[in-house]
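J.: Would you mind keeping the following structure in view while I ask a few things?
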Amino acid sequence: MNRRSLLLAAGAVGVTTAVGGAAAAIAADDPEAGRKPRPMLTWELVGGFVPAGWNALRAPRLVAYDDGVLIADAARRLRLGQGELRSLRNHATTVLRDPANARRRPGAPIIADVPSTVFTARTNGRKFSLRFEGLEETRRDKAYPPPAYSLLEHLTQLRDRVNRSGAQWHPDAVRLVANLMQAAQPSTGAVPPWPAGVPVPQFRKDEFLAQLDLRDRQARALMRALPHPDQAQWPVHRLPDGRRAQVSWRFLLPHE
């Protein structure tokens with residue numbers, strides 16, 4: 001992406017509330033309880049100093065569903081047995097239902113510009129979620145209570161296992177993110193027209209980012225035009241009105 005994009009960080013949406021500087025657990029009726037499939041557990045990274053549009057493209061590191069399917073990075077999938085899934089649910093719920101597990105140790109170092117880790121577990125129609133600033137980066141300093149790092153280690157092992165031995169996750173469903181370029185911004189080479197069969201994103205007034213979730217025929221049209229999206233250098237396409245936009249995408253998850 002260009003320098004302008006790198007200097008603009010997309011806003012992060014928090015899923016917890018702050019109490020005395022510490023994240024508080026959400027223990028509420030789950031509005032997603034009636035949906036199938038629904039995530040039983042999610043591990044996400046939010047915020048940090050990232051390029052514009054990155055948060056929209058940053059898939060959860062790991063999602064576990066009630067049927068035992070795990071999807072890592074919206075790229076690979078693996079199914080757990082019910083016993084292992086039950087153990088995972090119990091571990092996550094035990095940690096996340098206690099807000100004290102997200103309270104930083106007094107005097108623990110604060111690292112600027114790093115993302116926050118958000119763990120969310122759903123069980124019996126209830127949802128529990130905690131947010132940790134720089135959880136992975138502060139592991140050595142033990143900034144948070146041991147249960148937080150125990151859950152991080154558990155999920156890291158599962159994510160590594162899915163990425164190592166899981167099958168590819170390639171649904172006909174993608175999230176397109178477009179970054180509108182200024183007229184003065186240079187682009188190298190010829191700029192191709194907007195891909196045929198792909199809806200043109202609509203940019204709101206004074207906004208330069210747009211997002212579209214595409215499925216079926218529209219998703220396949222985008223994947224044909226950009227079979228291997230480059231997250232570091234987004235390709236540029238010319239919109240029907242003559243403006244140019246940088247484009248990238250990722251696969252959608254079953255609950256998205």
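If you're wondering about the labels, chains in the structure tokens are A, B, ... by order shown, residues count from 1 in each chain, ligands from 1 in order shown.
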List every residue of region 59-229 of chain A that DSSP, applied to the backbone, labels as alpha helix (DSSP H), and write the result as a PyMOL selection string.
T.: chain A and resi 82-96+146-165+216-225
J.: Selection from above, N, CA and C atoms, as a tab-separated table (two decimals), in the first residue's frame, can you write it?
T.:
chain	number	residue	atom	x	y	z
A	82	GLN	N	-15.70	-33.96	20.16
A	82	GLN	CA	-16.54	-33.28	21.13
A	82	GLN	C	-15.88	-33.17	22.50
A	83	GLY	N	-15.07	-34.13	22.87
A	83	GLY	CA	-14.38	-34.06	24.15
A	83	GLY	C	-13.39	-32.90	24.19
A	84	GLU	N	-12.61	-32.75	23.14
A	84	GLU	CA	-11.64	-31.66	23.08
A	84	GLU	C	-12.34	-30.32	22.95
A	85	LEU	N	-13.45	-30.29	22.23
A	85	LEU	CA	-14.21	-29.05	22.11
A	85	LEU	C	-14.80	-28.63	23.46
A	86	ARG	N	-15.30	-29.60	24.21
A	86	ARG	CA	-15.86	-29.31	25.53
A	86	ARG	C	-14.79	-28.78	26.47
A	87	SER	N	-13.59	-29.37	26.40
A	87	SER	CA	-12.48	-28.90	27.22
A	87	SER	C	-12.11	-27.46	26.88
A	88	LEU	N	-12.11	-27.14	25.59
A	88	LEU	CA	-11.80	-25.79	25.14
A	88	LEU	C	-12.85	-24.81	25.64
A	89	ARG	N	-14.12	-25.19	25.52
A	89	ARG	CA	-15.20	-24.31	25.97
A	89	ARG	C	-15.08	-24.04	27.47
A	90	ASN	N	-14.83	-25.07	28.24
A	90	ASN	CA	-14.73	-24.92	29.70
A	90	ASN	C	-13.55	-24.03	30.08
A	91	HIS	N	-12.41	-24.25	29.42
A	91	HIS	CA	-11.23	-23.44	29.71
A	91	HIS	C	-11.49	-21.97	29.42
A	92	ALA	N	-12.03	-21.70	28.23
A	92	ALA	CA	-12.26	-20.31	27.83
A	92	ALA	C	-13.28	-19.64	28.73
A	93	THR	N	-14.36	-20.33	29.05
A	93	THR	CA	-15.40	-19.74	29.89
A	93	THR	C	-14.88	-19.44	31.29
A	94	THR	N	-14.09	-20.35	31.83
A	94	THR	CA	-13.54	-20.15	33.17
A	94	THR	C	-12.67	-18.90	33.23
A	95	VAL	N	-11.87	-18.69	32.21
A	95	VAL	CA	-10.98	-17.52	32.18
A	95	VAL	C	-11.76	-16.24	31.91
A	96	LEU	N	-12.65	-16.27	30.95
A	96	LEU	CA	-13.28	-15.04	30.47
A	96	LEU	C	-14.42	-14.55	31.34
A	146	PRO	N	-1.83	-15.19	35.23
A	146	PRO	CA	-1.50	-16.43	34.51
A	146	PRO	C	-2.64	-17.03	33.69
A	147	PRO	N	-3.92	-16.99	34.13
A	147	PRO	CA	-4.97	-17.59	33.31
A	147	PRO	C	-5.07	-16.99	31.90
A	148	ALA	N	-4.76	-15.68	31.76
A	148	ALA	CA	-4.83	-15.06	30.43
A	148	ALA	C	-3.81	-15.68	29.50
A	149	TYR	N	-2.60	-15.91	29.98
A	149	TYR	CA	-1.56	-16.49	29.13
A	149	TYR	C	-1.78	-17.99	28.93
A	150	SER	N	-2.42	-18.64	29.90
A	150	SER	CA	-2.76	-20.05	29.73
A	150	SER	C	-3.75	-20.22	28.57
A	151	LEU	N	-4.76	-19.34	28.50
A	151	LEU	CA	-5.72	-19.43	27.40
A	151	LEU	C	-5.04	-19.07	26.08
A	152	LEU	N	-4.18	-18.06	26.10
A	152	LEU	CA	-3.44	-17.69	24.88
A	152	LEU	C	-2.62	-18.87	24.38
A	153	GLU	N	-1.95	-19.57	25.27
A	153	GLU	CA	-1.14	-20.72	24.86
A	153	GLU	C	-2.01	-21.84	24.30
A	154	HIS	N	-3.14	-22.10	24.93
A	154	HIS	CA	-4.06	-23.13	24.47
A	154	HIS	C	-4.52	-22.83	23.03
A	155	LEU	N	-4.93	-21.59	22.80
A	155	LEU	CA	-5.43	-21.22	21.48
A	155	LEU	C	-4.31	-21.15	20.44
A	156	THR	N	-3.13	-20.75	20.88
A	156	THR	CA	-1.99	-20.72	19.95
A	156	THR	C	-1.67	-22.12	19.46
A	157	GLN	N	-1.68	-23.09	20.36
A	157	GLN	CA	-1.42	-24.47	19.96
A	157	GLN	C	-2.47	-24.97	18.98
A	158	LEU	N	-3.74	-24.64	19.23
A	158	LEU	CA	-4.80	-25.06	18.31
A	158	LEU	C	-4.66	-24.38	16.95
A	159	ARG	N	-4.36	-23.09	16.96
A	159	ARG	CA	-4.20	-22.37	15.69
A	159	ARG	C	-3.05	-22.95	14.88
A	160	ASP	N	-1.93	-23.22	15.54
A	160	ASP	CA	-0.79	-23.81	14.84
A	160	ASP	C	-1.16	-25.17	14.25
A	161	ARG	N	-1.94	-25.93	14.99
A	161	ARG	CA	-2.36	-27.26	14.53
A	161	ARG	C	-3.26	-27.15	13.30
A	162	VAL	N	-4.20	-26.20	13.33
A	162	VAL	CA	-5.09	-26.02	12.18
A	162	VAL	C	-4.30	-25.59	10.96
A	163	ASN	N	-3.39	-24.63	11.13
A	163	ASN	CA	-2.59	-24.15	9.99
A	163	ASN	C	-1.63	-25.20	9.47
A	164	ARG	N	-1.23	-26.11	10.34
A	164	ARG	CA	-0.27	-27.14	9.93
A	164	ARG	C	-0.95	-28.31	9.22
A	165	SER	N	-2.10	-28.74	9.72
A	165	SER	CA	-2.69	-29.97	9.19
A	165	SER	C	-4.14	-29.82	8.73
A	216	ASP	N	-21.11	-16.03	-3.73
A	216	ASP	CA	-21.49	-16.75	-4.94
A	216	ASP	C	-20.86	-16.13	-6.19
A	217	ARG	N	-21.70	-15.77	-7.19
A	217	ARG	CA	-21.17	-15.33	-8.47
A	217	ARG	C	-20.29	-14.09	-8.34
A	218	GLN	N	-20.70	-13.14	-7.52
A	218	GLN	CA	-19.91	-11.92	-7.35
A	218	GLN	C	-18.57	-12.21	-6.68
A	219	ALA	N	-18.58	-13.10	-5.71
A	219	ALA	CA	-17.32	-13.46	-5.04
A	219	ALA	C	-16.38	-14.15	-6.02
A	220	ARG	N	-16.92	-15.05	-6.84
A	220	ARG	CA	-16.07	-15.75	-7.80
A	220	ARG	C	-15.50	-14.80	-8.84
A	221	ALA	N	-16.28	-13.79	-9.23
A	221	ALA	CA	-15.78	-12.81	-10.19
A	221	ALA	C	-14.60	-12.04	-9.61
A	222	LEU	N	-14.68	-11.69	-8.33
A	222	LEU	CA	-13.56	-10.99	-7.70
A	222	LEU	C	-12.34	-11.88	-7.61
A	223	MET	N	-12.54	-13.14	-7.26
A	223	MET	CA	-11.40	-14.05	-7.11
A	223	MET	C	-10.74	-14.35	-8.45
A	224	ARG	N	-11.51	-14.34	-9.53
A	224	ARG	CA	-10.91	-14.51	-10.84
A	224	ARG	C	-10.04	-13.31	-11.20
A	225	ALA	N	-10.51	-12.12	-10.84
A	225	ALA	CA	-9.77	-10.90	-11.18
A	225	ALA	C	-8.55	-10.71	-10.29
J.: Please identify every residue of region 133-164 of chain A that has at least one atom no farther than 12 Å from an atom of region 45-58 of chain A, counting only C-alpha atoms, and for each give the shortest atom pair and the distance in Å to one decimal, arranged by chain then increasing number, as a Markdown table.
T.:
| residue | atom | partner | partner_atom | distance |
| --- | --- | --- | --- | --- |
| A:Glu133 | CA | A:Gly48 | CA | 9.3 |
| A:Gly134 | CA | A:Gly48 | CA | 9.0 |
| A:Leu135 | CA | A:Leu45 | CA | 10.0 |
| A:Glu136 | CA | A:Leu45 | CA | 10.4 |
J.: What would the file look like if the residues just selected were written as a CSV table (one decimal), in the first residue's frame with C-alpha atoms?
T.:
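In the end it all went to selection.csv:
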chain,number,residue,atom,x,y,z
A,133,GLU,CA,-3.7,-4.7,25.3
A,134,GLY,CA,-0.5,-6.3,24.0
A,135,LEU,CA,-1.2,-9.7,25.5
A,136,GLU,CA,1.3,-11.5,23.3
J.: Find the residues around region 243-255 of chain A up to 6 Å (only C-alpha atoms counted), leave out those fewer than 4 positions away in its own chain, and share them as a PyMOL selection string.
T.: chain A and resi 38+74+173-181+229+234-239
J.: For CA of Val69 (chain A) and CA of Glu44 (chain A), determine how far apart the two atoms are, in Å to one decimal place.
T.: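 Answer for the CA of Val69 (chain A) to CA of Glu44 (chain A) separation: 16.8 Å.
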